[in-house]
Amino acid sequence: MTTITLMTDFGIKDGNVGVMKGVIWNICPEAHIADLSHMIGPQSIREAALVLARSVPYFPAGTIHVVVVDPGVGTARRPMAARIGDSFCVCPDNGIITMWLDRALTEKKTVEFVQLENPKYRLPVVSHVFHGRDIFSPAAGHLAAGVPLPLFGRALADPVKIDLPKPIRLQQGLRGEVIHIDHFGNIASNIRVEDLGEALSNKGRITVRLGQTEIKGMVDAFGERPVGELVALLGSTGNLIVSMVNGSAAEKLGTKVGDALEAVYEF
Amino acid sequence: MTTITLMTDFGIKDGNVGVMKGVIWNICPEAHIADLSHMIGPQSIREAALVLARSVPYFPAGTIHVVVVDPGVGTARRPMAARIGDSFCVCPDNGIITMWLDRALTEKKTVEFVQLENPKYRLPVVSHVFHGRDIFSPAAGHLAAGVPLPLFGRALADPVKIDLPKPIRLQQGLRGEVIHIDHFGNIASNIRVEDLGEALSNKGRITVRLGQTEIKGMVDAFGERPVGELVALLGSTGNLIVSMVNGSAAEKLGTKVGDALEAVYEF
Amino acid sequence: MTTITLMTDFGIKDGNVGVMKGVIWNICPEAHIADLSHMIGPQSIREAALVLARSVPYFPAGTIHVVVVDPGVGTARRPMAARIGDSFCVCPDNGIITMWLDRALTEKKTVEFVQLENPKYRLPVVSHVFHGRDIFSPAAGHLAAGVPLPLFGRALADPVKIDLPKPIRLQQGLRGEVIHIDHFGNIASNIRVEDLGEALSNKGRITVRLGQTEIKGMVDAFGERPVGELVALLGSTGNLIVSMVNGSAAEKLGTKVGDALEAVYEF
């Protein structure tokens, strides 16, 4: 029973995601399919890369992640399939896998990339505008049905990677930036648990700055503070986040992706 | 083939619901998973309780309903699993089950509650902010895989219940309040078919008042009246609702949850 | 393993779609269920007809498509089940199948229609307002479980059809109209690849007019032109569309469904 996840920027009103499931089930009727998100910002490869990297560790070995955020659809960008550790990814070669791949390489996992070239594993007619249906879903279906990676096409040695902002070490602390704002208005930065390191042993002395706002001390959970208060804490995948207890921090502060965020503390 | 439903206030853009499915399928690969709603108002336990109670009767015996609307995540509130009649619920102990439980007890169904304490049935690392992934989904997966309720933790004798507004009997009729506004703008009240009782034998003589608006007579179906007309009728689960034929009554009337609504009739 | 798709105008917040899945799995626990769209415009039979017709070719033979866009719920309109070629449709008899049926008849496929009358294949209590739950989902479940079409009720000889606008042939080209605007703001017209015919052999000479805007020449794919440029091309199911590269053409142009759109070219 293979699990397949779908992530796109297609939205949920036009039926396109349903069609991708139809294509997959035509080829591999017993696949389980989970929607990861179809509300990725239009053409936002970076947002897709972030949601993908933090989601993949929670899926069964062998899961096939299909990601179609594809500003270059119909041009020369290569469609690809990847094996990263014990999972698979089917997507345009545009950097979507960057964060997942970086972590996998750090963890010494094996990786393998091929181009999706073999017409046998595409729909008979390939449009110029909907490769999610015509190339990526059929590839996912055939992978789920057991077709080995090399049969899809030539090896791809150099998958595209995107530049992701890294936090900068200050004299006292770190300067990072906002990389995601979630449904609740929680503000996630690129400052991670590893970056903060020892400083976390004294959370009360870390001050988080975002625009004109200073939050003194980090907490462990939303519920420690009264409703409406701004708090800084570690999110569920290890990023420093700013939240409002039972409210929207992003709305309150007018924060946008890309805004600077600092964590200041004495060594 | 166990069915699991998921209801949260997580929205659909951040991938968190997909991750919950990954966690469940890791433990119980053959579970069927249906989304009930992920657009519950943020932290709205009452809305979740309402949607849950009216949905559960339509699912197969043995279904496991996972509800994560959890303003107290990371604090002392207890995570729990419940057996209510022939179905299960996995959720924070914050009153989400109130309406379902009240009805089950009225119908003399057996119920059983345990705390989710056993680390064997959680993820190895439990965050302070995403118990949907770390505690509730693993519990649902293990329940679906056949782990008996008592193995999850100690019995929980006194699940939290929330106060739900009851309609008040007037000299002539009932005064209730608006408890839900749906996607179409239909306005649901807490006045139920049982409350109206005998009065329903003469629907034409029931007047419904909402703010400055009076609707004279109840109908059986939207389609009985012309497009754009306001009508009062019984909703599909037995609540008195106010609708606009092929339009949005809530938008037209500016109605909000909590507004008073009266059904007036002579005995 | 039967596949069932669901398309409604119910939205995603109230739990109604989840309930339909519960009803189906009660009857046919092994059915695969895919959401096609639940964001069809309220009561928009035409939009549902369009999304349905372009989606069905991609699903496995035997798929059952449940469509509940039902302004006449609770009135005399007939609930029906149809076999169209090798697939099935369960829906109110209100024209939703028009475009699918027209194409199937052109392709000489066999079709069969019955009314959903047999109380054995409905829920025991049928409400006046939620036939998606009480009539259509049970019918889909029983169809998936193998109940033959004639057991549901009498044959229905004359399913309702809706009028769909056809493009008009001009001295030089075609005048059509906008029939759909998708999540990205792409503008789809009713002018199809078959209508353009020979003219497509010289795409550069086709000019597309929409309001005050003229787009000279059609392209094959979004990615051929710079970001922000308006382009005209064939959509993935063969309709002439107007798009903005990595932007929203509909927002830029203020386009609405029903607006006129012309494709002008010399013969």
# chains A, B, ... in the order shown; residues from 1 in each chain; ligands from 1
$ interface_residues --of "chain C" --to "chain A" --cutoff "8 Å" --atoms "only C-alpha atoms" --output "list in words"
Met1, Thr5, Ala34, Asp35, Leu36, Ser37, His38, Met39, Ile40, Val51, Ser55, Val56, Tyr58, Phe59, Pro60, Asp182, His183, Phe184, Asp220, Ala221, Phe222, Gly223, Glu224, Gly235, Ser236 and Asn246 of chain C
$ write_last_selection --atoms "N, CA, C and O atoms" --output "compact mmCIF listing (two decimals), in the first residue's frame"
# COMPACT_ATOMS: atom_id res chain seq x y z
N MET C 1 -11.76 -2.30 -6.70
CA MET C 1 -11.56 -1.03 -5.99
C MET C 1 -12.22 0.07 -6.81
O MET C 1 -11.64 0.57 -7.78
N THR C 5 -15.91 10.06 -7.15
CA THR C 5 -15.51 11.46 -6.98
C THR C 5 -16.70 12.25 -6.46
O THR C 5 -17.86 11.90 -6.71
N ALA C 34 -12.32 10.61 -4.13
CA ALA C 34 -11.53 11.81 -4.42
C ALA C 34 -12.46 13.02 -4.49
O ALA C 34 -13.53 12.95 -5.10
N ASP C 35 -12.05 14.11 -3.88
CA ASP C 35 -12.79 15.36 -4.02
C ASP C 35 -12.42 15.99 -5.35
O ASP C 35 -11.25 16.16 -5.66
N LEU C 36 -13.43 16.32 -6.13
CA LEU C 36 -13.15 17.00 -7.40
C LEU C 36 -13.14 18.52 -7.14
O LEU C 36 -12.17 19.20 -7.44
N SER C 37 -14.20 19.02 -6.56
CA SER C 37 -14.22 20.40 -6.09
C SER C 37 -15.44 20.56 -5.19
O SER C 37 -16.49 20.00 -5.47
N HIS C 38 -15.27 21.31 -4.11
CA HIS C 38 -16.42 21.68 -3.30
C HIS C 38 -16.60 23.19 -3.27
O HIS C 38 -17.37 23.72 -2.48
N MET C 39 -15.89 23.85 -4.19
CA MET C 39 -15.94 25.31 -4.26
C MET C 39 -16.61 25.76 -5.55
O MET C 39 -16.37 26.88 -6.02
N ILE C 40 -17.46 24.92 -6.13
CA ILE C 40 -18.28 25.35 -7.25
C ILE C 40 -19.13 26.52 -6.76
O ILE C 40 -19.60 26.52 -5.62
N VAL C 51 -16.57 21.69 -15.19
CA VAL C 51 -15.50 20.99 -14.45
C VAL C 51 -15.69 19.48 -14.60
O VAL C 51 -14.74 18.73 -14.80
N SER C 55 -13.04 16.73 -16.47
CA SER C 55 -12.34 15.86 -15.51
C SER C 55 -12.57 14.37 -15.77
O SER C 55 -11.66 13.56 -15.60
N VAL C 56 -13.79 14.00 -16.19
CA VAL C 56 -14.13 12.58 -16.26
C VAL C 56 -13.21 11.74 -17.14
O VAL C 56 -12.98 10.57 -16.82
N TYR C 58 -10.20 11.43 -17.25
CA TYR C 58 -8.95 11.04 -16.59
C TYR C 58 -9.15 10.03 -15.47
O TYR C 58 -8.19 9.65 -14.82
N PHE C 59 -10.38 9.60 -15.25
CA PHE C 59 -10.64 8.65 -14.17
C PHE C 59 -10.80 7.23 -14.71
O PHE C 59 -11.16 7.04 -15.88
N PRO C 60 -10.52 6.23 -13.85
CA PRO C 60 -10.61 4.84 -14.30
C PRO C 60 -12.03 4.49 -14.77
O PRO C 60 -13.02 5.06 -14.31
N ASP C 182 -10.02 30.43 -13.44
CA ASP C 182 -9.49 29.45 -12.48
C ASP C 182 -8.76 30.13 -11.32
O ASP C 182 -8.69 31.36 -11.24
N HIS C 183 -8.25 29.30 -10.43
CA HIS C 183 -7.55 29.75 -9.22
C HIS C 183 -6.42 30.73 -9.51
O HIS C 183 -6.14 31.62 -8.70
N PHE C 184 -5.73 30.56 -10.65
CA PHE C 184 -4.62 31.43 -11.00
C PHE C 184 -5.08 32.72 -11.68
O PHE C 184 -4.27 33.58 -11.99
N ASP C 220 2.50 28.65 -27.16
CA ASP C 220 2.26 27.26 -26.76
C ASP C 220 2.23 27.07 -25.25
O ASP C 220 1.54 26.20 -24.75
N ALA C 221 3.04 27.89 -24.55
CA ALA C 221 3.17 27.68 -23.10
C ALA C 221 3.41 29.02 -22.42
O ALA C 221 3.96 29.95 -23.01
N PHE C 222 2.99 29.12 -21.14
CA PHE C 222 3.19 30.35 -20.36
C PHE C 222 4.64 30.82 -20.42
O PHE C 222 4.93 31.99 -20.55
N GLY C 223 5.54 29.83 -20.26
CA GLY C 223 6.94 30.17 -20.01
C GLY C 223 7.65 30.79 -21.20
O GLY C 223 8.80 31.21 -21.08
N GLU C 224 6.98 30.91 -22.36
CA GLU C 224 7.64 31.49 -23.53
C GLU C 224 7.80 33.00 -23.43
O GLU C 224 8.57 33.60 -24.17
N GLY C 235 -5.69 25.93 -23.49
CA GLY C 235 -5.63 25.32 -22.16
C GLY C 235 -5.50 23.81 -22.27
O GLY C 235 -5.55 23.24 -23.37
N SER C 236 -5.36 23.16 -21.12
CA SER C 236 -5.01 21.75 -21.13
C SER C 236 -6.14 20.84 -21.63
O SER C 236 -5.92 19.68 -21.90
N ASN C 246 2.79 34.03 -14.78
CA ASN C 246 2.99 34.12 -13.33
C ASN C 246 2.20 35.26 -12.68
O ASN C 246 2.67 35.91 -11.75
$ select_by_dssp --residues "region 7-242 of chain C" --states "strand (DSSP E)" --output "NGL selection string"
:C and (7-8 or 32-37 or 64-68 or 79-84 or 87-92 or 111-115 or 168-170 or 173-181 or 187-192 or 207-210 or 213-216 or 230-234 or 239-242)
$ select_by_dssp --residues "region 47-140 of chain A" --states "helix (DSSP H, G or I)" --output "count of residues only"
34
$ residues_around --residues "Phe136 (chain C)" --least-positions-apart "4" --cutoff "8 Å" --atoms "only C-alpha atoms" --output "PyMOL selection string"
chain C and resi 66+68+79+90-91+122+131-132+140
$ residues_around --residues "Thr237 (chain A)" --least-positions-apart "4" --cutoff "9 Å" --atoms "only C-alpha atoms" --output "list in words"
Arg54, Arg192 and Val193 of chain A; Ser127 of chain B
$ atom_distance --atom1 "CA of Arg46 (chain C)" --atom2 "CA of Ala155 (chain C)"
24.5 Å
$ atom_distance --atom1 "CA of Met244 (chain B)" --atom2 "CA of Pro124 (chain C)"
27.6 Å
$ atom_distance --atom1 "CA of Leu149 (chain C)" --atom2 "CA of Ala82 (chain C)"
7.9 Å
$ decode --residues "region 145-160 of chain C" --atoms "N, CA and C atoms" --output "mmCIF file, in the first residue's frame"
data_model
loop_
_atom_site.group_PDB
_atom_site.id
_atom_site.type_symbol
_atom_site.label_atom_id
_atom_site.label_comp_id
_atom_site.auth_asym_id
_atom_site.auth_seq_id
_atom_site.Cartn_x
_atom_site.Cartn_y
_atom_site.Cartn_z
ATOM 1 N N ALA C 145 -21.024 -0.849 -4.728
ATOM 2 C CA ALA C 145 -21.124 -2.204 -4.171
ATOM 3 C C ALA C 145 -21.727 -3.186 -5.177
ATOM 4 N N GLY C 146 -22.096 -2.693 -6.366
ATOM 5 C CA GLY C 146 -22.504 -3.614 -7.426
ATOM 6 C C GLY C 146 -23.984 -3.673 -7.761
ATOM 7 N N VAL C 147 -24.797 -2.814 -7.147
ATOM 8 C CA VAL C 147 -26.231 -2.818 -7.463
ATOM 9 C C VAL C 147 -26.419 -2.324 -8.904
ATOM 10 N N PRO C 148 -27.137 -3.082 -9.747
ATOM 11 C CA PRO C 148 -27.321 -2.644 -11.140
ATOM 12 C C PRO C 148 -28.255 -1.442 -11.234
ATOM 13 N N LEU C 149 -27.997 -0.610 -12.218
ATOM 14 C CA LEU C 149 -28.718 0.641 -12.395
ATOM 15 C C LEU C 149 -30.251 0.483 -12.350
ATOM 16 N N PRO C 150 -30.818 -0.506 -13.065
ATOM 17 C CA PRO C 150 -32.292 -0.572 -13.109
ATOM 18 C C PRO C 150 -32.951 -0.802 -11.749
ATOM 19 N N LEU C 151 -32.192 -1.296 -10.764
ATOM 20 C CA LEU C 151 -32.806 -1.518 -9.453
ATOM 21 C C LEU C 151 -33.073 -0.221 -8.698
ATOM 22 N N PHE C 152 -32.466 0.876 -9.120
ATOM 23 C CA PHE C 152 -32.647 2.145 -8.407
ATOM 24 C C PHE C 152 -33.987 2.797 -8.699
ATOM 25 N N GLY C 153 -34.547 2.517 -9.900
ATOM 26 C CA GLY C 153 -35.838 3.138 -10.215
ATOM 27 C C GLY C 153 -36.119 3.081 -11.704
ATOM 28 N N ARG C 154 -37.192 3.744 -12.095
ATOM 29 C CA ARG C 154 -37.617 3.754 -13.489
ATOM 30 C C ARG C 154 -36.592 4.424 -14.405
ATOM 31 N N ALA C 155 -36.605 3.994 -15.637
ATOM 32 C CA ALA C 155 -35.762 4.665 -16.626
ATOM 33 C C ALA C 155 -36.208 6.113 -16.764
ATOM 34 N N LEU C 156 -35.252 6.969 -17.069
ATOM 35 C CA LEU C 156 -35.509 8.395 -17.237
ATOM 36 C C LEU C 156 -35.076 8.704 -18.668
ATOM 37 N N ALA C 157 -36.046 9.006 -19.505
ATOM 38 C CA ALA C 157 -35.766 9.048 -20.942
ATOM 39 C C ALA C 157 -35.204 10.385 -21.407
ATOM 40 N N ASP C 158 -35.473 11.421 -20.682
ATOM 41 C CA ASP C 158 -35.205 12.773 -21.182
ATOM 42 C C ASP C 158 -34.494 13.632 -20.135
ATOM 43 N N PRO C 159 -33.245 13.321 -19.820
ATOM 44 C CA PRO C 159 -32.562 14.128 -18.799
ATOM 45 C C PRO C 159 -32.516 15.606 -19.200
ATOM 46 N N VAL C 160 -32.655 16.456 -18.212
ATOM 47 C CA VAL C 160 -32.625 17.906 -18.436
ATOM 48 C C VAL C 160 -31.273 18.312 -19.010
#
